[in-house]
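> My structure is stored as input-v8.cif, with mmCIF, C-alpha atoms and all ligand atoms.
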data_data
#
loop_
_atom_site.label_atom_id
_atom_site.label_comp_id
_atom_site.auth_asym_id
_atom_site.auth_seq_id
_atom_site.Cartn_x
_atom_site.Cartn_y
_atom_site.Cartn_z
CA MET A 1 -84.50 -59.72 121.27
CA LYS A 2 -86.40 -59.65 124.51
CA LYS A 3 -86.45 -63.43 124.51
CA ALA A 4 -82.66 -63.55 124.12
CA ILE A 5 -82.27 -61.30 127.13
CA LEU A 6 -84.59 -63.46 129.18
CA VAL A 7 -82.74 -66.64 128.23
CA GLY A 8 -79.45 -64.97 129.14
CA PHE A 9 -80.88 -63.93 132.45
CA LEU A 10 -82.12 -67.44 133.24
CA LEU A 11 -78.79 -68.92 132.22
CA ALA A 12 -77.01 -66.49 134.52
CA LEU A 13 -79.34 -67.46 137.34
CA THR A 14 -78.80 -71.16 136.75
CA PHE A 15 -75.08 -70.67 136.51
CA ASN A 16 -75.11 -68.69 139.73
CA VAL A 17 -76.74 -71.53 141.62
CA HIS A 18 -74.16 -74.03 140.49
CA ALA A 19 -71.07 -71.84 140.68
CA LYS A 20 -68.47 -72.73 143.27
CA GLN A 21 -68.86 -70.90 146.56
CA ARG A 22 -66.44 -67.98 146.71
CA ILE A 23 -64.93 -65.62 149.23
CA LYS A 24 -64.36 -62.27 147.57
CA HIS A 25 -62.55 -58.97 148.15
CA CYS A 26 -60.83 -60.05 151.37
CA GLY A 27 -57.07 -59.61 151.80
CA SER A 28 -55.20 -62.91 151.93
CA SER A 29 -55.05 -63.33 155.75
CA ALA A 30 -58.67 -62.25 156.12
CA LYS A 31 -59.69 -64.60 153.35
CA SER A 32 -58.21 -67.66 155.04
CA GLU A 33 -59.83 -66.63 158.32
CA VAL A 34 -63.23 -66.28 156.61
CA ARG A 35 -62.65 -69.66 154.97
CA GLU A 36 -61.99 -71.19 158.37
CA ALA A 37 -65.11 -69.65 159.92
CA LEU A 38 -67.18 -70.74 156.93
CA ASN A 39 -65.87 -74.30 157.24
CA PHE A 40 -66.74 -74.29 160.92
CA VAL A 41 -70.30 -73.23 160.05
CA LYS A 42 -70.64 -75.83 157.30
CA ASN A 43 -69.09 -78.69 159.27
CA ASN A 44 -71.31 -77.99 162.28
CA LEU A 45 -74.45 -76.82 160.55
CA GLU A 46 -76.66 -79.64 161.81
CA THR A 47 -75.60 -79.05 165.42
CA ILE A 48 -76.05 -75.29 165.09
CA MET A 49 -79.53 -75.72 163.62
CA SER A 50 -80.62 -78.22 166.25
CA ASP A 51 -79.29 -75.89 168.98
CA THR A 52 -81.53 -73.16 167.53
CA SER A 53 -85.05 -73.50 168.88
CA GLY A 54 -87.98 -73.22 166.51
CA MET A 55 -86.26 -73.90 163.18
CA THR A 56 -88.78 -75.36 160.74
CA SER A 57 -87.75 -78.21 158.45
CA LYS A 58 -88.29 -75.90 155.48
CA GLU A 59 -85.92 -73.33 156.94
CA LYS A 60 -83.34 -76.03 157.69
CA LYS A 61 -83.54 -77.42 154.20
CA LYS A 62 -83.06 -74.03 152.62
CA LEU A 63 -80.24 -73.10 154.97
CA ARG A 64 -78.37 -76.34 154.15
CA LYS A 65 -78.49 -75.36 150.52
CA LYS A 66 -77.52 -71.75 151.10
CA ALA A 67 -74.56 -72.66 153.31
CA LYS A 68 -73.07 -74.56 150.38
CA ASN A 69 -73.65 -71.90 147.75
CA VAL A 70 -73.78 -68.37 149.06
CA ASN A 71 -70.65 -66.31 148.45
CA ILE A 72 -69.09 -64.12 151.11
CA LYS A 73 -67.73 -60.66 150.37
CA CYS A 74 -65.45 -58.58 152.59
CA MET A 75 -66.74 -55.04 152.10
CA ASP A 76 -64.64 -53.06 154.58
CA HIS A 77 -63.59 -50.77 151.74
CA LYS A 78 -67.17 -49.91 150.70
CA PRO A 79 -69.90 -47.62 152.05
CA VAL A 80 -72.06 -50.67 152.92
CA CYS A 81 -69.57 -51.20 155.79
CA LYS A 82 -67.84 -47.83 156.11
CA ASN A 83 -71.07 -45.85 156.56
CA HIS A 84 -72.61 -48.20 159.12
CA SER A 85 -70.57 -48.18 162.30
CA ASP A 86 -72.59 -50.90 164.04
CA ARG A 87 -72.66 -53.34 161.14
CA GLY A 88 -70.92 -56.71 161.18
CA GLY A 89 -72.63 -58.04 158.12
CA VAL A 90 -75.57 -57.64 155.80
CA SER A 91 -77.49 -59.74 153.38
CA ARG A 92 -79.07 -57.75 150.62
CA HIS A 93 -77.45 -59.03 147.48
CA MET A 94 -79.34 -59.76 144.29
CA PHE A 95 -80.86 -63.25 144.30
CA ASN A 96 -79.34 -63.86 147.74
CA SER A 97 -76.21 -65.16 146.04
CA ALA A 98 -73.81 -63.37 148.38
CA VAL A 99 -73.60 -61.85 151.83
CA VAL A 100 -71.49 -58.91 152.95
CA ILE A 101 -69.12 -59.17 155.91
CA CYS A 102 -67.67 -56.06 157.57
CA TYR A 103 -64.66 -58.08 158.65
CA ASN A 104 -62.53 -55.35 160.20
CA ARG A 105 -65.49 -54.09 162.23
CA ILE A 106 -65.91 -57.56 163.72
CA ARG A 107 -62.16 -57.72 164.29
CA SER A 108 -61.92 -54.42 166.14
CA VAL A 109 -65.16 -54.61 168.12
CA MET A 110 -64.87 -58.26 169.16
CA GLY A 111 -61.12 -58.45 169.88
CA ASN A 112 -60.25 -61.86 171.32
CA ASN A 113 -63.75 -63.14 170.52
CA ALA A 114 -63.66 -62.14 166.87
CA PHE A 115 -63.31 -65.58 165.32
CA CYS A 116 -66.51 -66.94 166.82
CA ALA A 117 -68.26 -63.61 166.12
CA LEU A 118 -67.27 -64.05 162.48
CA ALA A 119 -68.89 -67.49 162.45
CA ASP A 120 -71.94 -65.94 164.15
CA THR A 121 -72.17 -63.26 161.47
CA ILE A 122 -71.80 -65.74 158.61
CA ILE A 123 -74.62 -68.02 159.80
CA HIS A 124 -76.77 -64.99 160.66
CA GLU A 125 -76.49 -63.62 157.13
CA PHE A 126 -76.94 -67.08 155.60
CA GLY A 127 -80.09 -67.30 157.73
CA HIS A 128 -81.41 -64.22 155.96
CA THR A 129 -80.68 -65.66 152.53
CA ALA A 130 -82.64 -68.76 153.58
CA ASN A 131 -85.55 -66.57 154.74
CA VAL A 132 -85.34 -67.78 158.32
CA LYS A 133 -88.09 -65.94 160.17
CA LYS A 134 -86.92 -62.74 161.80
CA ALA A 135 -88.62 -60.41 164.25
CA ARG A 136 -90.21 -57.21 163.00
CA ASN A 137 -87.69 -55.19 164.98
CA HIS A 138 -84.80 -57.30 163.68
CA ASN A 139 -82.86 -54.40 162.20
CA ASP A 140 -82.97 -52.44 165.46
CA GLY A 141 -80.21 -54.70 166.77
CA PRO A 142 -79.71 -57.93 168.68
CA ASN A 143 -82.89 -59.62 169.87
CA ASN A 144 -83.92 -63.19 170.46
CA ASP A 145 -85.40 -63.96 167.06
CA LYS A 146 -84.49 -67.09 165.16
CA VAL A 147 -81.81 -65.45 163.03
CA TYR A 148 -80.00 -64.10 166.09
CA ARG A 149 -80.48 -67.45 167.84
CA LEU A 150 -78.71 -69.17 164.93
CA GLY A 151 -75.77 -66.81 165.38
CA ASP A 152 -75.72 -67.33 169.13
CA ALA A 153 -75.81 -71.12 168.71
CA ALA A 154 -72.84 -70.96 166.34
CA GLU A 155 -70.93 -68.65 168.65
CA ASP A 156 -71.60 -70.85 171.71
CA LEU A 157 -70.50 -73.99 169.89
CA CYS A 158 -67.42 -72.24 168.52
CA ASN A 159 -66.54 -71.12 172.04
CA SER A 160 -67.10 -74.53 173.57
CA MET A 161 -64.80 -76.07 170.97
CA GLY A 162 -62.10 -73.64 172.06
CA LEU A 163 -61.90 -71.99 168.65
CA ASP A 164 -62.28 -68.37 169.66
CA GLY A 165 -59.53 -65.81 169.26
CA SER A 166 -58.56 -62.61 167.51
CA ILE A 167 -58.43 -62.40 163.72
CA PRO A 168 -55.86 -60.75 161.45
CA ARG A 169 -56.72 -57.41 159.83
CA ASN A 170 -58.26 -57.35 156.38
CA SER A 171 -55.73 -55.43 154.29
CA ASN A 172 -58.39 -54.59 151.71
CA ASP A 173 -59.93 -51.71 153.61
ZN ZN A 201 -79.93 -59.67 160.52
#
Could the structure of this file be written out as structure tokens, please?
Ligand SMILES: [Zn+2]

Amino acid sequence: MKKAILVGFLLALTFNVHAKQRIKHCGSSAKSEVREALNFVKNNLETIMSDTSGMTSKEKKKLRKKAKNVNIKCMDHKPVCKNHSDRGGVSRHMFNSAVVICYNRIRSVMGNNAFCALADTIIHEFGHTANVKKARNHNDGPNNDKVYRLGDAAEDLCNSMGLDGSIPRNSND
């Protein structure tokens, strides 16, 4: 019996790794905006990583993999976003298979710079799933550690490509 459970668990894990990357729980406009920001991150990942000082080859390798597989969840309707007024995103999902985005928070706080901030948040949270080294005071807010530098690099590139702008509200709030 125990063995059956273990096999099931391993199968679920394996399946998870190979499942198609998904964007979940976002309203339809928000979903297409997240898709666009995710594509920006994926299409420019090598540039973003090389613009981020101090990335090890191990971190890069893992981040390449994570960027292809990790799911993104809009969680504006849940306490994980609702109860944290300064949160744009968080990565704390089981097996690092998904990250949480507080989409409407990014939208309202960042205004006309929200699209690039969304890309920043996505790569930042992916960085956590890839175990990119963070500072001890990371959770106290923005600092210059590698995870924040990844986000900044994405945001700068996004800006320089003229992609920034406001984003439509997530109706699933
Ligand atoms: Zn972080």
> Taking only C-alpha atoms and all ligand atoms into account, list the residues no farther than 9 Å from ligand ZN 201 (chain A), as an MDAnalysis selection string.
chainID A and resid 89:91 121 124:125 127:128 134 138:139 141:142 147:148
> Give the answer as one residue: which of A:Ile23, A:Ala37, A:Leu118, A:Met110 has the shortest atom-to-atom distance to Asn69 (chain A), using all atoms listed in the file?
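The shortest atom-to-atom distance to Asn69 (chain A) comes from A:Ile23.
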> Work out how far apart CA of Asp164 (chain A) and CA of Ala98 (chain A) are and give it in Å to one decimal.
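For CA of Asp164 (chain A) relative to CA of Ala98 (chain A), the distance reads 24.7 Å.
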> Rank nothing, just name the residue among A:Met55, A:Asn43, A:Phe126, A:Ile48 nearest to Ile72 (chain A), using only C-alpha atoms.
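Closest to Ile72 (chain A), using only C-alpha atoms: A:Phe126.
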> Have a look at CA of Arg149 (chain A) and CA of Gln21 (chain A) and let me know their distance in Å, one decimal.
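That distance, rounded to one decimal, is 24.5 Å.
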> Between A:Asp76, A:Asp51, A:Glu46, A:Asp86, which one has atoms that come closest to His25 (chain A), using all atoms listed in the file?
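With all atoms listed in the file as the atom set, the closest residue is A:Asp76.
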> Could you give me, as a ChimeraX atom specification, the residues within 12 Å of Lys78 (chain A), counting all atoms listed in the file and dropping anything in the same chain fewer than 4 positions from it?
/A:25-26,73-74,82-84,100-104,172-173
> Rounded to one decimal place, report the CA of Ser50 (chain A)-CA of Thr129 (chain A) distance in Å.
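Atom-to-atom, CA of Ser50 (chain A) and CA of Thr129 (chain A) are spaced 18.6 Å apart.
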> Kindly write region 156-171 of chain A with all heavy atoms to a file, as a PDB file, in the first residue's frame.

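Result went into result.pdb, see below:
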ATOM      1  N   ASP A 156      14.619  46.694 -17.291  1.00  0.00           N
ATOM      2  CA  ASP A 156      15.394  47.628 -18.123  1.00  0.00           C
ATOM      3  C   ASP A 156      15.297  47.269 -19.604  1.00  0.00           C
ATOM      4  O   ASP A 156      15.095  48.134 -20.456  1.00  0.00           O
ATOM      5  CB  ASP A 156      16.876  47.618 -17.708  1.00  0.00           C
ATOM      6  CG  ASP A 156      17.092  48.307 -16.362  1.00  0.00           C
ATOM      7  OD1 ASP A 156      16.140  48.950 -15.864  1.00  0.00           O
ATOM      8  OD2 ASP A 156      18.202  48.188 -15.799  1.00  0.00           O
ATOM      9  N   LEU A 157      15.452  45.983 -19.893  1.00  0.00           N
ATOM     10  CA  LEU A 157      15.388  45.539 -21.285  1.00  0.00           C
ATOM     11  C   LEU A 157      14.001  45.801 -21.866  1.00  0.00           C
ATOM     12  O   LEU A 157      13.865  46.310 -22.991  1.00  0.00           O
ATOM     13  CB  LEU A 157      15.736  44.043 -21.372  1.00  0.00           C
ATOM     14  CG  LEU A 157      15.752  43.458 -22.780  1.00  0.00           C
ATOM     15  CD1 LEU A 157      16.872  44.071 -23.618  1.00  0.00           C
ATOM     16  CD2 LEU A 157      15.891  41.938 -22.750  1.00  0.00           C
ATOM     17  N   CYS A 158      12.993  45.458 -21.092  1.00  0.00           N
ATOM     18  CA  CYS A 158      11.596  45.661 -21.483  1.00  0.00           C
ATOM     19  C   CYS A 158      11.356  47.134 -21.815  1.00  0.00           C
ATOM     20  O   CYS A 158      10.774  47.465 -22.851  1.00  0.00           O
ATOM     21  CB  CYS A 158      10.711  45.174 -20.335  1.00  0.00           C
ATOM     22  SG  CYS A 158       8.948  45.445 -20.530  1.00  0.00           S
ATOM     23  N   ASN A 159      11.854  48.005 -20.931  1.00  0.00           N
ATOM     24  CA  ASN A 159      11.753  49.443 -21.153  1.00  0.00           C
ATOM     25  C   ASN A 159      12.434  49.878 -22.427  1.00  0.00           C
ATOM     26  O   ASN A 159      11.882  50.636 -23.226  1.00  0.00           O
ATOM     27  CB  ASN A 159      12.432  50.187 -19.987  1.00  0.00           C
ATOM     28  CG  ASN A 159      11.430  50.533 -18.916  1.00  0.00           C
ATOM     29  OD1 ASN A 159      10.377  51.083 -19.214  1.00  0.00           O
ATOM     30  ND2 ASN A 159      11.742  50.189 -17.689  1.00  0.00           N
ATOM     31  N   SER A 160      13.680  49.383 -22.597  1.00  0.00           N
ATOM     32  CA  SER A 160      14.475  49.841 -23.733  1.00  0.00           C
ATOM     33  C   SER A 160      13.886  49.351 -25.054  1.00  0.00           C
ATOM     34  O   SER A 160      14.129  49.929 -26.109  1.00  0.00           O
ATOM     35  CB  SER A 160      15.927  49.380 -23.581  1.00  0.00           C
ATOM     36  OG  SER A 160      16.014  47.996 -23.821  1.00  0.00           O
ATOM     37  N   MET A 161      13.087  48.286 -24.993  1.00  0.00           N
ATOM     38  CA  MET A 161      12.431  47.794 -26.203  1.00  0.00           C
ATOM     39  C   MET A 161      11.096  48.506 -26.432  1.00  0.00           C
ATOM     40  O   MET A 161      10.356  48.177 -27.369  1.00  0.00           O
ATOM     41  CB  MET A 161      12.223  46.275 -26.105  1.00  0.00           C
ATOM     42  CG  MET A 161      13.533  45.491 -26.182  1.00  0.00           C
ATOM     43  SD  MET A 161      13.344  43.731 -25.719  1.00  0.00           S
ATOM     44  CE  MET A 161      12.598  43.068 -27.200  1.00  0.00           C
ATOM     45  N   GLY A 162      10.790  49.450 -25.545  1.00  0.00           N
ATOM     46  CA  GLY A 162       9.560  50.227 -25.699  1.00  0.00           C
ATOM     47  C   GLY A 162       8.289  49.448 -25.410  1.00  0.00           C
ATOM     48  O   GLY A 162       7.220  49.754 -25.945  1.00  0.00           O
ATOM     49  N   LEU A 163       8.405  48.438 -24.563  1.00  0.00           N
ATOM     50  CA  LEU A 163       7.250  47.561 -24.322  1.00  0.00           C
ATOM     51  C   LEU A 163       6.388  47.982 -23.137  1.00  0.00           C
ATOM     52  O   LEU A 163       5.325  47.411 -22.898  1.00  0.00           O
ATOM     53  CB  LEU A 163       7.742  46.120 -24.092  1.00  0.00           C
ATOM     54  CG  LEU A 163       8.451  45.455 -25.261  1.00  0.00           C
ATOM     55  CD1 LEU A 163       9.009  44.103 -24.844  1.00  0.00           C
ATOM     56  CD2 LEU A 163       7.495  45.303 -26.441  1.00  0.00           C
ATOM     57  N   ASP A 164       6.860  48.953 -22.363  1.00  0.00           N
ATOM     58  CA  ASP A 164       6.149  49.249 -21.123  1.00  0.00           C
ATOM     59  C   ASP A 164       4.790  49.883 -21.380  1.00  0.00           C
ATOM     60  O   ASP A 164       4.532  50.429 -22.448  1.00  0.00           O
ATOM     61  CB  ASP A 164       7.001  50.150 -20.217  1.00  0.00           C
ATOM     62  CG  ASP A 164       6.850  49.767 -18.752  1.00  0.00           C
ATOM     63  OD1 ASP A 164       5.979  48.910 -18.445  1.00  0.00           O
ATOM     64  OD2 ASP A 164       7.604  50.292 -17.920  1.00  0.00           O
ATOM     65  N   GLY A 165       3.929  49.785 -20.389  1.00  0.00           N
ATOM     66  CA  GLY A 165       2.594  50.363 -20.492  1.00  0.00           C
ATOM     67  C   GLY A 165       1.723  49.838 -19.374  1.00  0.00           C
ATOM     68  O   GLY A 165       2.166  48.998 -18.568  1.00  0.00           O
ATOM     69  N   SER A 166       0.501  50.323 -19.314  1.00  0.00           N
ATOM     70  CA  SER A 166      -0.432  49.838 -18.297  1.00  0.00           C
ATOM     71  C   SER A 166      -0.948  48.457 -18.703  1.00  0.00           C
ATOM     72  O   SER A 166      -0.766  48.029 -19.848  1.00  0.00           O
ATOM     73  CB  SER A 166      -1.586  50.823 -18.151  1.00  0.00           C
ATOM     74  OG  SER A 166      -2.249  50.947 -19.389  1.00  0.00           O
ATOM     75  N   ILE A 167      -1.575  47.780 -17.774  1.00  0.00           N
ATOM     76  CA  ILE A 167      -2.130  46.447 -18.070  1.00  0.00           C
ATOM     77  C   ILE A 167      -3.603  46.403 -17.646  1.00  0.00           C
ATOM     78  O   ILE A 167      -3.983  47.093 -16.701  1.00  0.00           O
ATOM     79  CB  ILE A 167      -1.316  45.314 -17.362  1.00  0.00           C
ATOM     80  CG1 ILE A 167      -1.248  45.530 -15.845  1.00  0.00           C
ATOM     81  CG2 ILE A 167       0.089  45.220 -17.953  1.00  0.00           C
ATOM     82  CD1 ILE A 167      -0.487  44.425 -15.088  1.00  0.00           C
ATOM     83  N   PRO A 168      -4.415  45.628 -18.362  1.00  0.00           N
ATOM     84  CA  PRO A 168      -5.832  45.574 -18.026  1.00  0.00           C
ATOM     85  C   PRO A 168      -6.081  44.843 -16.697  1.00  0.00           C
ATOM     86  O   PRO A 168      -5.296  43.989 -16.310  1.00  0.00           O
ATOM     87  CB  PRO A 168      -6.448  44.785 -19.185  1.00  0.00           C
ATOM     88  CG  PRO A 168      -5.337  43.943 -19.698  1.00  0.00           C
ATOM     89  CD  PRO A 168      -4.084  44.742 -19.489  1.00  0.00           C
ATOM     90  N   ARG A 169      -7.151  45.201 -16.027  1.00  0.00           N
ATOM     91  CA  ARG A 169      -7.462  44.625 -14.715  1.00  0.00           C
ATOM     92  C   ARG A 169      -7.737  43.117 -14.818  1.00  0.00           C
ATOM     93  O   ARG A 169      -8.307  42.641 -15.801  1.00  0.00           O
ATOM     94  CB  ARG A 169      -8.714  45.317 -14.148  1.00  0.00           C
ATOM     95  CG  ARG A 169      -8.944  45.103 -12.659  1.00  0.00           C
ATOM     96  CD  ARG A 169     -10.159  45.896 -12.210  1.00  0.00           C
ATOM     97  NE  ARG A 169     -11.399  45.365 -12.771  1.00  0.00           N
ATOM     98  CZ  ARG A 169     -12.097  44.355 -12.231  1.00  0.00           C
ATOM     99  NH1 ARG A 169     -11.694  43.788 -11.114  1.00  0.00           N
ATOM    100  NH2 ARG A 169     -13.206  43.935 -12.815  1.00  0.00           N
ATOM    101  N   ASN A 170      -7.303  42.405 -13.805  1.00  0.00           N
ATOM    102  CA  ASN A 170      -7.663  40.993 -13.697  1.00  0.00           C
ATOM    103  C   ASN A 170      -9.064  40.913 -13.098  1.00  0.00           C
ATOM    104  O   ASN A 170      -9.293  41.326 -11.956  1.00  0.00           O
ATOM    105  CB  ASN A 170      -6.665  40.260 -12.790  1.00  0.00           C
ATOM    106  CG  ASN A 170      -7.061  38.815 -12.559  1.00  0.00           C
ATOM    107  OD1 ASN A 170      -7.855  38.250 -13.317  1.00  0.00           O
ATOM    108  ND2 ASN A 170      -6.527  38.221 -11.505  1.00  0.00           N
ATOM    109  N   SER A 171      -9.996  40.377 -13.878  1.00  0.00           N
ATOM    110  CA  SER A 171     -11.392  40.330 -13.422  1.00  0.00           C
ATOM    111  C   SER A 171     -11.603  39.256 -12.354  1.00  0.00           C
ATOM    112  O   SER A 171     -12.612  39.262 -11.649  1.00  0.00           O
ATOM    113  CB  SER A 171     -12.317  40.071 -14.619  1.00  0.00           C
ATOM    114  OG  SER A 171     -11.879  38.902 -15.301  1.00  0.00           O
TER     115      SER A 171
END
